[in-house]
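Below is query26.cif, which holds mmCIF, C-alpha atoms; chains and numbers go by the auth columns.
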```
data_data
#
loop_
_atom_site.group_PDB
_atom_site.id
_atom_site.type_symbol
_atom_site.label_atom_id
_atom_site.label_comp_id
_atom_site.label_asym_id
_atom_site.label_seq_id
_atom_site.Cartn_x
_atom_site.Cartn_y
_atom_site.Cartn_z
_atom_site.B_iso_or_equiv
_atom_site.auth_seq_id
_atom_site.auth_asym_id
ATOM 1 C CA PRO A 1 61.458 96.587 135.825 0.00 1 U
ATOM 2 C CA PRO A 2 62.743 100.166 135.386 0.00 2 U
ATOM 3 C CA PRO A 3 63.131 101.257 131.743 0.00 3 U
ATOM 4 C CA LYS A 4 66.857 101.948 132.148 0.00 4 U
ATOM 5 C CA LEU A 5 67.461 98.431 133.451 0.00 5 U
ATOM 6 C CA VAL A 6 65.559 96.958 130.513 0.00 6 U
ATOM 7 C CA GLU A 7 67.590 99.051 128.077 0.00 7 U
ATOM 8 C CA PHE A 8 70.819 98.052 129.785 0.00 8 U
ATOM 9 C CA CYS A 9 69.962 94.335 129.551 0.00 9 U
ATOM 10 C CA ARG A 10 68.910 94.705 125.944 0.00 10 U
ATOM 11 C CA GLU A 11 72.165 96.417 124.929 0.00 11 U
ATOM 12 C CA PHE A 12 74.495 94.560 127.270 0.00 12 U
ATOM 13 C CA GLU A 13 75.990 92.263 124.623 0.00 13 U
ATOM 14 C CA GLN A 14 76.597 95.063 122.141 0.00 14 U
ATOM 15 C CA ASN A 15 78.112 97.281 124.824 0.00 15 U
ATOM 16 C CA TYR A 16 80.412 94.457 125.890 0.00 16 U
ATOM 17 C CA VAL A 17 81.565 93.898 122.304 0.00 17 U
ATOM 18 C CA GLU A 18 82.239 97.602 121.756 0.00 18 U
ATOM 19 C CA HIS A 19 84.056 97.868 125.097 0.00 19 U
ATOM 20 C CA ARG A 20 86.304 94.946 124.163 0.00 20 U
ATOM 21 C CA ARG A 21 87.082 96.606 120.824 0.00 21 U
ATOM 22 C CA CYS A 22 87.968 99.901 122.531 0.00 22 U
ATOM 23 C CA VAL A 23 90.237 98.162 125.048 0.00 23 U
ATOM 24 C CA LEU A 24 92.201 96.398 122.309 0.00 24 U
ATOM 25 C CA LEU A 25 92.534 99.511 120.145 0.00 25 U
ATOM 26 C CA ASN A 26 93.669 101.533 123.158 0.00 26 U
ATOM 27 C CA GLN A 27 96.344 98.903 123.816 0.00 27 U
ATOM 28 C CA ALA A 28 97.523 99.214 120.225 0.00 28 U
ATOM 29 C CA ARG A 29 97.466 103.008 120.389 0.00 29 U
ATOM 30 C CA ASP A 30 99.475 102.947 123.628 0.00 30 U
ATOM 31 C CA ILE A 31 102.133 100.784 121.967 0.00 31 U
ATOM 32 C CA LEU A 32 102.324 103.099 118.961 0.00 32 U
ATOM 33 C CA ARG A 33 102.391 106.373 120.905 0.00 33 U
ATOM 34 C CA ASN A 34 104.333 105.607 124.074 0.00 34 U
ATOM 35 C CA HIS A 35 106.926 102.961 123.169 0.00 35 U
ATOM 36 C CA ASP A 36 110.340 103.886 121.787 0.00 36 U
ATOM 37 C CA TYR A 37 110.278 103.444 118.010 0.00 37 U
ATOM 38 C CA HIS A 38 114.079 103.311 117.793 0.00 38 U
ATOM 39 C CA ASN A 39 114.445 99.948 119.567 0.00 39 U
ATOM 40 C CA THR A 40 114.685 97.081 117.092 0.00 40 U
ATOM 41 C CA ILE A 41 114.736 93.282 117.060 0.00 41 U
ATOM 42 C CA SER A 42 115.958 90.840 114.442 0.00 42 U
ATOM 43 C CA VAL A 43 113.392 88.830 112.457 0.00 43 U
ATOM 44 C CA GLY A 44 113.399 86.523 109.447 0.00 44 U
ATOM 45 C CA VAL A 45 115.889 83.971 108.182 0.00 45 U
ATOM 46 C CA ASP A 46 119.351 84.365 106.683 0.00 46 U
ATOM 47 C CA GLU A 47 119.231 84.376 102.900 0.00 47 U
ATOM 48 C CA GLU A 48 121.951 81.725 102.596 0.00 48 U
ATOM 49 C CA GLN A 49 119.986 79.519 105.011 0.00 49 U
ATOM 50 C CA SER A 50 116.581 79.998 103.362 0.00 50 U
ATOM 51 C CA GLY A 51 116.270 76.366 102.324 0.00 51 U
ATOM 52 C CA GLU A 52 117.362 73.996 99.607 0.00 52 U
ATOM 53 C CA ASP A 53 114.642 75.052 97.159 0.00 53 U
ATOM 54 C CA PRO A 54 115.629 78.490 95.796 0.00 54 U
ATOM 55 C CA THR A 55 112.155 79.009 94.328 0.00 55 U
ATOM 56 C CA MET A 56 110.699 79.174 97.857 0.00 56 U
ATOM 57 C CA ALA A 57 113.061 81.954 98.962 0.00 57 U
ATOM 58 C CA ILE A 58 110.706 84.645 97.662 0.00 58 U
ATOM 59 C CA PHE A 59 108.094 83.523 100.214 0.00 59 U
ATOM 60 C CA LEU A 60 110.474 83.943 103.167 0.00 60 U
ATOM 61 C CA LEU A 61 111.112 87.036 105.247 0.00 61 U
ATOM 62 C CA HIS A 62 114.833 87.677 104.914 0.00 62 U
ATOM 63 C CA ARG A 63 116.877 88.561 107.964 0.00 63 U
ATOM 64 C CA SER A 64 116.416 92.207 108.931 0.00 64 U
ATOM 65 C CA SER A 65 115.553 94.364 111.928 0.00 65 U
ATOM 66 C CA VAL A 66 112.104 95.729 112.733 0.00 66 U
ATOM 67 C CA SER A 67 110.970 97.988 115.540 0.00 67 U
ATOM 68 C CA GLU A 68 109.804 96.476 118.799 0.00 68 U
ATOM 69 C CA VAL A 69 106.632 98.520 118.234 0.00 69 U
ATOM 70 C CA ALA A 70 105.834 96.585 115.049 0.00 70 U
ATOM 71 C CA SER A 71 106.599 93.277 116.754 0.00 71 U
ATOM 72 C CA GLN A 72 104.283 94.097 119.667 0.00 72 U
ATOM 73 C CA ILE A 73 101.489 95.210 117.341 0.00 73 U
ATOM 74 C CA MET A 74 101.738 91.926 115.430 0.00 74 U
ATOM 75 C CA ALA A 75 101.679 89.957 118.692 0.00 75 U
ATOM 76 C CA LEU A 76 98.566 91.857 119.835 0.00 76 U
ATOM 77 C CA LEU A 77 96.938 91.291 116.440 0.00 77 U
ATOM 78 C CA ARG A 78 97.552 87.543 116.602 0.00 78 U
ATOM 79 C CA GLN A 79 96.254 87.422 120.169 0.00 79 U
ATOM 80 C CA THR A 80 93.085 89.212 119.032 0.00 80 U
ATOM 81 C CA MET A 81 92.594 86.838 116.098 0.00 81 U
ATOM 82 C CA LYS A 82 93.066 83.805 118.369 0.00 82 U
ATOM 83 C CA GLU A 83 90.475 85.257 120.718 0.00 83 U
ATOM 84 C CA SER A 84 88.154 85.761 117.758 0.00 84 U
ATOM 85 C CA VAL A 85 88.330 82.168 116.498 0.00 85 U
ATOM 86 C CA GLN A 86 88.068 80.673 119.986 0.00 86 U
ATOM 87 C CA MET A 87 85.006 82.667 121.021 0.00 87 U
ATOM 88 C CA PRO A 88 81.542 81.052 120.936 0.00 88 U
ATOM 89 C CA ALA A 89 78.990 82.250 118.412 0.00 89 U
ATOM 90 C CA THR A 90 77.235 84.231 121.168 0.00 90 U
ATOM 91 C CA PRO A 91 77.138 87.197 121.246 0.00 91 U
ATOM 92 C CA PRO A 92 76.866 87.070 117.458 0.00 92 U
ATOM 93 C CA THR A 93 78.796 90.271 116.761 0.00 93 U
ATOM 94 C CA LEU A 94 81.834 89.480 118.929 0.00 94 U
ATOM 95 C CA ARG A 95 83.858 87.391 116.468 0.00 95 U
ATOM 96 C CA PRO A 96 83.363 89.743 113.484 0.00 96 U
ATOM 97 C CA THR A 97 84.195 92.733 115.684 0.00 97 U
ATOM 98 C CA LEU A 98 87.453 91.162 116.890 0.00 98 U
ATOM 99 C CA TYR A 99 88.413 90.389 113.295 0.00 99 U
ATOM 100 C CA LYS A 100 87.637 93.984 112.317 0.00 100 U
ATOM 101 C CA THR A 101 89.636 95.222 115.318 0.00 101 U
ATOM 102 C CA SER A 102 92.677 93.251 114.155 0.00 102 U
ATOM 103 C CA ARG A 103 92.579 95.017 110.806 0.00 103 U
ATOM 104 C CA GLU A 104 92.115 98.383 112.516 0.00 104 U
ATOM 105 C CA MET A 105 95.358 97.842 114.459 0.00 105 U
ATOM 106 C CA LEU A 106 97.247 97.795 111.177 0.00 106 U
ATOM 107 C CA SER A 107 95.443 100.930 110.059 0.00 107 U
ATOM 108 C CA LEU A 108 96.467 102.618 113.316 0.00 108 U
ATOM 109 C CA PHE A 109 100.107 101.811 112.571 0.00 109 U
ATOM 110 C CA ARG A 110 99.884 103.323 109.080 0.00 110 U
ATOM 111 C CA ALA A 111 98.224 106.426 110.496 0.00 111 U
ATOM 112 C CA ILE A 112 100.243 107.085 113.668 0.00 112 U
ATOM 113 C CA ILE A 113 103.852 106.123 112.925 0.00 113 U
ATOM 114 C CA PRO A 114 104.359 108.186 109.723 0.00 114 U
ATOM 115 C CA ALA A 115 102.675 111.157 111.419 0.00 115 U
ATOM 116 C CA SER A 116 104.470 111.037 114.781 0.00 116 U
ATOM 117 C CA HIS A 117 107.897 110.177 113.311 0.00 117 U
ATOM 118 C CA GLY A 118 107.532 111.861 109.924 0.00 118 U
ATOM 119 C CA HIS A 119 110.447 114.281 110.376 0.00 119 U
ATOM 120 C CA GLU A 120 112.847 111.514 111.400 0.00 120 U
ATOM 121 C CA VAL A 121 111.679 109.248 108.580 0.00 121 U
ATOM 122 C CA ALA A 122 112.388 112.060 106.111 0.00 122 U
ATOM 123 C CA THR A 123 115.794 113.039 107.511 0.00 123 U
ATOM 124 C CA VAL A 124 117.335 110.125 109.465 0.00 124 U
ATOM 125 C CA PRO A 125 118.465 107.165 107.297 0.00 125 U
ATOM 126 C CA ARG A 126 118.124 104.607 110.091 0.00 126 U
ATOM 127 C CA THR A 127 114.548 105.588 110.952 0.00 127 U
ATOM 128 C CA ALA A 128 113.518 105.456 107.288 0.00 128 U
ATOM 129 C CA ALA A 129 115.023 101.971 107.037 0.00 129 U
ATOM 130 C CA VAL A 130 113.184 100.829 110.187 0.00 130 U
ATOM 131 C CA LEU A 131 109.833 102.038 108.830 0.00 131 U
ATOM 132 C CA HIS A 132 110.578 100.324 105.515 0.00 132 U
ATOM 133 C CA ASN A 133 111.287 97.039 107.298 0.00 133 U
ATOM 134 C CA ASP A 134 108.204 97.354 109.506 0.00 134 U
ATOM 135 C CA CYS A 135 106.004 97.721 106.433 0.00 135 U
ATOM 136 C CA ILE A 136 107.665 94.751 104.712 0.00 136 U
ATOM 137 C CA TYR A 137 107.209 92.768 107.947 0.00 137 U
ATOM 138 C CA PHE A 138 103.472 93.533 108.092 0.00 138 U
ATOM 139 C CA ALA A 139 103.024 92.886 104.366 0.00 139 U
ATOM 140 C CA HIS A 140 104.728 89.498 104.740 0.00 140 U
ATOM 141 C CA HIS A 141 102.403 88.433 107.558 0.00 141 U
ATOM 142 C CA CYS A 142 99.288 89.808 105.846 0.00 142 U
ATOM 143 C CA LEU A 143 99.895 87.410 102.960 0.00 143 U
ATOM 144 C CA THR A 144 99.129 84.384 105.143 0.00 144 U
ATOM 145 C CA LEU A 145 97.154 85.656 108.164 0.00 145 U
ATOM 146 C CA GLY A 146 93.798 85.165 106.462 0.00 146 U
ATOM 147 C CA LEU A 147 94.621 81.613 105.394 0.00 147 U
ATOM 148 C CA GLU A 148 95.946 80.847 108.867 0.00 148 U
ATOM 149 C CA PHE A 149 92.767 81.826 110.723 0.00 149 U
ATOM 150 C CA LYS A 150 89.828 81.555 108.330 0.00 150 U
ATOM 151 C CA GLU A 151 89.526 77.764 108.619 0.00 151 U
ATOM 152 C CA LYS A 152 89.519 78.009 112.414 0.00 152 U
ATOM 153 C CA TYR A 153 86.162 79.780 112.447 0.00 153 U
ATOM 154 C CA THR A 154 83.325 77.373 113.181 0.00 154 U
ATOM 155 C CA ALA A 155 80.472 77.492 110.703 0.00 155 U
ATOM 156 C CA GLU A 156 77.766 77.226 113.389 0.00 156 U
ATOM 157 C CA ASP A 157 75.776 80.104 111.938 0.00 157 U
ATOM 158 C CA ALA A 158 75.683 82.435 108.975 0.00 158 U
ATOM 159 C CA ARG A 159 78.235 84.778 110.580 0.00 159 U
ATOM 160 C CA GLY A 160 80.709 81.947 111.029 0.00 160 U
ATOM 161 C CA LYS A 161 80.354 80.895 107.399 0.00 161 U
ATOM 162 C CA LEU A 162 80.758 84.489 106.287 0.00 162 U
ATOM 163 C CA LEU A 163 83.935 84.879 108.356 0.00 163 U
ATOM 164 C CA GLN A 164 85.363 81.742 106.745 0.00 164 U
ATOM 165 C CA GLN A 165 84.820 83.364 103.363 0.00 165 U
ATOM 166 C CA SER A 166 85.788 86.970 104.139 0.00 166 U
ATOM 167 C CA CYS A 167 88.673 86.658 106.633 0.00 167 U
ATOM 168 C CA ILE A 168 91.495 88.226 104.619 0.00 168 U
ATOM 169 C CA PHE A 169 94.415 90.551 105.212 0.00 169 U
ATOM 170 C CA VAL A 170 96.036 90.282 101.799 0.00 170 U
ATOM 171 C CA ASP A 171 94.261 93.436 100.606 0.00 171 U
ATOM 172 C CA LEU A 172 96.484 95.404 103.023 0.00 172 U
ATOM 173 C CA VAL A 173 99.698 94.157 101.399 0.00 173 U
ATOM 174 C CA PRO A 174 99.830 96.816 98.618 0.00 174 U
ATOM 175 C CA LEU A 175 99.268 99.591 101.177 0.00 175 U
ATOM 176 C CA PHE A 176 102.221 98.498 103.306 0.00 176 U
ATOM 177 C CA ARG A 177 104.455 97.883 100.306 0.00 177 U
ATOM 178 C CA GLU A 178 103.646 101.340 98.963 0.00 178 U
ATOM 179 C CA LEU A 179 104.533 102.916 102.317 0.00 179 U
ATOM 180 C CA ALA A 180 107.763 100.884 102.430 0.00 180 U
ATOM 181 C CA ASP A 181 108.781 101.994 98.928 0.00 181 U
ATOM 182 C CA GLN A 182 107.895 105.589 99.716 0.00 182 U
ATOM 183 C CA SER A 183 109.904 105.794 102.956 0.00 183 U
ATOM 184 C CA MET A 184 113.035 104.158 101.535 0.00 184 U
ATOM 185 C CA GLY A 185 112.710 105.730 98.089 0.00 185 U
ATOM 186 C CA ASP A 186 112.417 109.247 99.492 0.00 186 U
ATOM 187 C CA MET A 187 115.454 108.662 101.714 0.00 187 U
ATOM 188 C CA LEU A 188 117.500 107.404 98.756 0.00 188 U
ATOM 189 C CA ASP A 189 116.561 110.577 96.859 0.00 189 U
ATOM 190 C CA VAL A 190 117.676 112.708 99.823 0.00 190 U
ATOM 191 C CA GLN A 191 120.991 110.877 100.093 0.00 191 U
ATOM 192 C CA ALA A 192 121.569 111.079 96.334 0.00 192 U
ATOM 193 C CA ASP A 193 121.024 114.856 96.426 0.00 193 U
ATOM 194 C CA GLN A 194 123.487 115.155 99.319 0.00 194 U
ATOM 195 C CA LEU A 195 126.100 113.169 97.404 0.00 195 U
ATOM 196 C CA VAL A 196 125.633 115.416 94.370 0.00 196 U
ATOM 197 C CA ASP A 197 126.123 118.477 96.599 0.00 197 U
ATOM 198 C CA ILE A 198 129.260 116.971 98.137 0.00 198 U
ATOM 199 C CA VAL A 199 130.908 115.759 94.930 0.00 199 U
ATOM 200 C CA GLY A 200 129.210 117.370 91.959 0.00 200 U
ATOM 201 C CA SER A 201 130.384 121.003 92.116 0.00 201 U
ATOM 202 C CA ARG A 202 134.071 120.136 92.446 0.00 202 U
ATOM 203 C CA ILE A 203 133.856 117.663 89.581 0.00 203 U
ATOM 204 C CA THR A 204 132.294 120.390 87.434 0.00 204 U
ATOM 205 C CA TYR A 205 135.222 122.698 88.164 0.00 205 U
ATOM 206 C CA LEU A 206 137.628 119.921 87.200 0.00 206 U
ATOM 207 C CA GLY A 207 135.878 119.422 83.857 0.00 207 U
ATOM 208 C CA GLN A 208 136.062 123.150 83.121 0.00 208 U
ATOM 209 C CA ALA A 209 139.777 123.236 84.014 0.00 209 U
ATOM 210 C CA LEU A 210 140.554 120.310 81.726 0.00 210 U
ATOM 211 C CA GLN A 211 139.211 122.348 78.807 0.00 211 U
ATOM 212 C CA SER A 212 141.584 125.242 79.560 0.00 212 U
ATOM 213 C CA ASN A 213 145.360 125.627 79.681 0.00 213 U
ATOM 214 C CA GLU A 214 145.426 126.581 83.346 0.00 214 U
ATOM 215 C CA SER A 215 147.189 124.526 85.984 0.00 215 U
ATOM 216 C CA LEU A 216 144.996 121.699 87.192 0.00 216 U
ATOM 217 C CA HIS A 217 144.919 122.330 90.940 0.00 217 U
ATOM 218 C CA GLU A 218 141.309 121.137 90.731 0.00 218 U
ATOM 219 C CA TRP A 219 142.654 117.543 90.754 0.00 219 U
ATOM 220 C CA SER A 220 143.209 117.733 94.511 0.00 220 U
ATOM 221 C CA GLU A 221 139.722 119.177 95.042 0.00 221 U
ATOM 222 C CA ALA A 222 138.192 116.384 92.960 0.00 222 U
ATOM 223 C CA GLU A 223 140.099 113.831 95.019 0.00 223 U
ATOM 224 C CA THR A 224 138.891 115.472 98.212 0.00 224 U
ATOM 225 C CA ALA A 225 135.323 115.400 96.915 0.00 225 U
ATOM 226 C CA LEU A 226 135.562 111.696 96.109 0.00 226 U
ATOM 227 C CA ALA A 227 136.945 110.975 99.584 0.00 227 U
ATOM 228 C CA ALA A 228 134.040 112.931 101.108 0.00 228 U
ATOM 229 C CA GLY A 229 131.543 110.967 98.998 0.00 229 U
ATOM 230 C CA ILE A 230 133.071 107.654 100.066 0.00 230 U
ATOM 231 C CA TYR A 231 133.004 108.760 103.714 0.00 231 U
ATOM 232 C CA HIS A 232 129.310 109.606 103.354 0.00 232 U
ATOM 233 C CA LEU A 233 128.598 106.171 101.861 0.00 233 U
ATOM 234 C CA ARG A 234 130.477 104.431 104.675 0.00 234 U
ATOM 235 C CA HIS A 235 128.466 106.383 107.240 0.00 235 U
ATOM 236 C CA LEU A 236 125.234 105.248 105.535 0.00 236 U
ATOM 237 C CA ALA A 237 126.477 101.656 105.448 0.00 237 U
ATOM 238 C CA GLN A 238 127.064 101.735 109.212 0.00 238 U
ATOM 239 C CA SER A 239 123.466 102.922 109.723 0.00 239 U
ATOM 240 C CA TRP A 240 121.791 100.540 107.287 0.00 240 U
ATOM 241 C CA ARG A 241 123.786 97.299 107.491 0.00 241 U
ATOM 242 C CA PRO A 242 122.334 96.205 110.893 0.00 242 U
ATOM 243 C CA ILE A 243 118.795 97.145 109.797 0.00 243 U
ATOM 244 C CA LEU A 244 118.182 96.247 106.162 0.00 244 U
ATOM 245 C CA SER A 245 118.190 92.798 104.621 0.00 245 U
ATOM 246 C CA GLN A 246 121.250 91.899 102.558 0.00 246 U
ATOM 247 C CA ARG A 247 119.398 92.338 99.264 0.00 247 U
ATOM 248 C CA ILE A 248 117.876 95.743 100.067 0.00 248 U
ATOM 249 C CA PHE A 249 121.164 96.931 101.583 0.00 249 U
ATOM 250 C CA ALA A 250 123.107 95.955 98.455 0.00 250 U
ATOM 251 C CA GLN A 251 120.549 97.562 96.140 0.00 251 U
ATOM 252 C CA SER A 252 120.468 100.809 98.130 0.00 252 U
ATOM 253 C CA MET A 253 124.229 101.192 98.453 0.00 253 U
ATOM 254 C CA GLY A 254 124.720 100.193 94.826 0.00 254 U
ATOM 255 C CA HIS A 255 122.273 102.864 93.693 0.00 255 U
ATOM 256 C CA LEU A 256 124.065 105.579 95.684 0.00 256 U
ATOM 257 C CA ALA A 257 127.476 104.403 94.498 0.00 257 U
ATOM 258 C CA ASP A 258 126.213 104.719 90.924 0.00 258 U
ATOM 259 C CA VAL A 259 125.150 108.291 91.683 0.00 259 U
ATOM 260 C CA VAL A 260 128.719 109.140 92.713 0.00 260 U
ATOM 261 C CA LEU A 261 130.381 107.334 89.800 0.00 261 U
ATOM 262 C CA THR A 262 128.152 108.901 87.172 0.00 262 U
ATOM 263 C CA LEU A 263 129.412 112.327 88.272 0.00 263 U
ATOM 264 C CA TYR A 264 132.941 111.505 87.089 0.00 264 U
#
```
Encoded form (structure tokens):
Amino acid sequence: PPPKLVEFCREFEQNYVEHRRCVLLNQARDILRNHDYHNTISVGVDEEQSGEDPTMAIFLLHRSSVSEVASQIMALLRQTMKESVQMPATPPTLRPTLYKTSREMLSLFRAIIPASHGHEVATVPRTAAVLHNDCIYFAHHCLTLGLEFKEKYTAEDARGKLLQQSCIFVDLVPLFRELADQSMGDMLDVQADQLVDIVGSRITYLGQALQSNESLHEWSEAETALAAGIYHLRHLAQSWRPILSQRIFAQSMGHLADVVLTLY
């Protein structure tokens, strides 16, 4: 037979495996690049309905909103992992490649979303909260994905046994939690600085006037500043309440309220 035909037959399995990997990663990339990141869906359970055993509440995903992009990426990841465990041992590299592809989907999210929406994450409170929730959502699922699928691999060969031992996603949890803390923490710093700009200068003038014998017309300015600070907090609450979980919402608003109160 012609040499090219022999080479094609020899590399057919590997080419098929690589083609399947490229198709799946292109699907993930299309979701991340072309779908609207602002659309959200509700996930998790209500904290007051998290079960009778309070010690198990820490293992539950509390009610919050995540982007449809994150939800679709997780659905594609699970579909890929199901395909991986259901595939036969031949070709031998198919199952490990599908497992690797599933992990690469999460890496694509961490690479594309902060880059393509970086300005909004840094300046828009709602977008920062959505990215925070997406990362918490992925971290929550990564805790159990490996345990869920590793026992479903058949130990027909050495690769199957190795997949049973090495199928993990928990190593990605710290990366997503770090990104979640960074996105929300940076936004809280931005909002705290804005509150200081709104309230702080007028409170300083009031303190200086109290130390003098001049008429205290600064009282009205201080009152106006406090009203502006409260208005700013209410605006943030309207943006964050539908997105964040009750616990994170209370912690975030409490932190910013402390910033305002410490100025007085």
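The space separating CA of Ala225 in chain U from CA of Ala250 in chain U comes to 23.0 Å.
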Quick one: pull the distance between CA of Gly229 in chain U and CA of Gly185 in chain U, Å, one decimal. 19.6 Å
Just the residues within 12 Å of Pro92 in chain U, please, counting all atoms listed in the file, with nothing from its chain fewer than 4 positions along; format it as JSON, numbers by chain. {"U": [13, 14, 16, 17, 84, 87, 88, 96, 97, 98, 156, 157, 158, 159, 160, 163]}
Could you list, as a PDB file with C-alpha atoms, in the coordinates of the input, every residue matched by the PyMOL selection byres ((chain U and resi 77) around 12) in this structure?
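Saved result, result-v7.pdb, follows:
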```pdb
ATOM      1  CA  LEU U  24      92.201  96.398 122.309  1.00  0.00           C
ATOM      2  CA  LEU U  25      92.534  99.511 120.145  1.00  0.00           C
ATOM      3  CA  GLN U  27      96.344  98.903 123.816  1.00  0.00           C
ATOM      4  CA  ALA U  28      97.523  99.214 120.225  1.00  0.00           C
ATOM      5  CA  ALA U  70     105.834  96.585 115.049  1.00  0.00           C
ATOM      6  CA  SER U  71     106.599  93.277 116.754  1.00  0.00           C
ATOM      7  CA  GLN U  72     104.283  94.097 119.667  1.00  0.00           C
ATOM      8  CA  ILE U  73     101.489  95.210 117.341  1.00  0.00           C
ATOM      9  CA  MET U  74     101.738  91.926 115.430  1.00  0.00           C
ATOM     10  CA  ALA U  75     101.679  89.957 118.692  1.00  0.00           C
ATOM     11  CA  LEU U  76      98.566  91.857 119.835  1.00  0.00           C
ATOM     12  CA  ARG U  78      97.552  87.543 116.602  1.00  0.00           C
ATOM     13  CA  GLN U  79      96.254  87.422 120.169  1.00  0.00           C
ATOM     14  CA  THR U  80      93.085  89.212 119.032  1.00  0.00           C
ATOM     15  CA  MET U  81      92.594  86.838 116.098  1.00  0.00           C
ATOM     16  CA  LYS U  82      93.066  83.805 118.369  1.00  0.00           C
ATOM     17  CA  GLU U  83      90.475  85.257 120.718  1.00  0.00           C
ATOM     18  CA  SER U  84      88.154  85.761 117.758  1.00  0.00           C
ATOM     19  CA  LEU U  98      87.453  91.162 116.890  1.00  0.00           C
ATOM     20  CA  TYR U  99      88.413  90.389 113.295  1.00  0.00           C
ATOM     21  CA  LYS U 100      87.637  93.984 112.317  1.00  0.00           C
ATOM     22  CA  THR U 101      89.636  95.222 115.318  1.00  0.00           C
ATOM     23  CA  SER U 102      92.677  93.251 114.155  1.00  0.00           C
ATOM     24  CA  ARG U 103      92.579  95.017 110.806  1.00  0.00           C
ATOM     25  CA  GLU U 104      92.115  98.383 112.516  1.00  0.00           C
ATOM     26  CA  MET U 105      95.358  97.842 114.459  1.00  0.00           C
ATOM     27  CA  LEU U 106      97.247  97.795 111.177  1.00  0.00           C
ATOM     28  CA  SER U 107      95.443 100.930 110.059  1.00  0.00           C
ATOM     29  CA  LEU U 108      96.467 102.618 113.316  1.00  0.00           C
ATOM     30  CA  PHE U 109     100.107 101.811 112.571  1.00  0.00           C
ATOM     31  CA  PHE U 138     103.472  93.533 108.092  1.00  0.00           C
ATOM     32  CA  HIS U 141     102.403  88.433 107.558  1.00  0.00           C
ATOM     33  CA  CYS U 142      99.288  89.808 105.846  1.00  0.00           C
ATOM     34  CA  LEU U 145      97.154  85.656 108.164  1.00  0.00           C
ATOM     35  CA  PHE U 149      92.767  81.826 110.723  1.00  0.00           C
ATOM     36  CA  PHE U 169      94.415  90.551 105.212  1.00  0.00           C
TER      37      PHE U 169
END
```
Around all the atoms of range 24-37 of chain U listed in the file, with 4 Å of room on each side, what axis-aligned box do you get, giving centre and edge lengths in Å to one decimal, as AutoDock Vina command-line options?
```
--center_x 101.3 --center_y 101.4 --center_z 121.0 --size_x 26.1 --size_y 18.0 --size_z 14.1
```
Just to confirm, what's the straight-line distance from CA of Arg63 in chain U to CA of Asp193 in chain U in Å (one decimal)? 29.0 Å
Exercise: Thr262 in chain U partners within 12 Å, all atoms listed in the file, chain neighbours under 5 positions left out, as a PDB file with C-alpha atoms, in the frame of the given file:
```pdb
ATOM      1  CA  ALA U 192     121.569 111.079  96.334  1.00  0.00           C
ATOM      2  CA  LEU U 195     126.100 113.169  97.404  1.00  0.00           C
ATOM      3  CA  VAL U 196     125.633 115.416  94.370  1.00  0.00           C
ATOM      4  CA  VAL U 199     130.908 115.759  94.930  1.00  0.00           C
ATOM      5  CA  GLY U 200     129.210 117.370  91.959  1.00  0.00           C
ATOM      6  CA  ILE U 203     133.856 117.663  89.581  1.00  0.00           C
ATOM      7  CA  LEU U 226     135.562 111.696  96.109  1.00  0.00           C
ATOM      8  CA  HIS U 255     122.273 102.864  93.693  1.00  0.00           C
ATOM      9  CA  LEU U 256     124.065 105.579  95.684  1.00  0.00           C
ATOM     10  CA  ALA U 257     127.476 104.403  94.498  1.00  0.00           C
TER      11      ALA U 257
END
```
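Across U:Leu32, U:Leu60, U:Leu147, U:Asp189, the tightest approach to His117 in chain U is made by U:Leu32 when counting only C-alpha atoms.
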Selection in question (the file shown): the PyMOL selection byres ((chain U and resi 181) around 12). Which residues does it include, as a list in words? Ala128, Ala129, Leu131, His132, Asn133, Asp134, Cys135, Ile136, Pro174, Leu175, Phe176, Arg177, Glu178, Leu179, Ala180, Gln182, Ser183, Met184, Gly185, Asp186, Met187, Leu188, Asp189, Ile248 and Ser252 of chain U
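Each of U:Gln164, U:Ser116, U:Ser245, U:Asn26 was compared to Val66 in chain U using only C-alpha atoms, and U:Ser245 turns out to be the nearest.
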Which residues of range 55-126 of chain U have any atom within 12 Å of an atom in range 238-241 of chain U when counting all atoms listed in the file, and what is the closest pair of atoms for each, with the distance in Å to one decimal? Order the rows by chain and rising number and write it as a tab-separated table.
```
residue	atom	partner	partner_atom	distance
U:Arg63	CA	U:Arg241	CA	11.1
U:Ser64	CA	U:Arg241	CA	9.1
U:Ser65	CA	U:Arg241	CA	9.8
U:Val124	CA	U:Ser239	CA	9.5
U:Pro125	CA	U:Ser239	CA	7.0
U:Arg126	CA	U:Ser239	CA	5.6
```
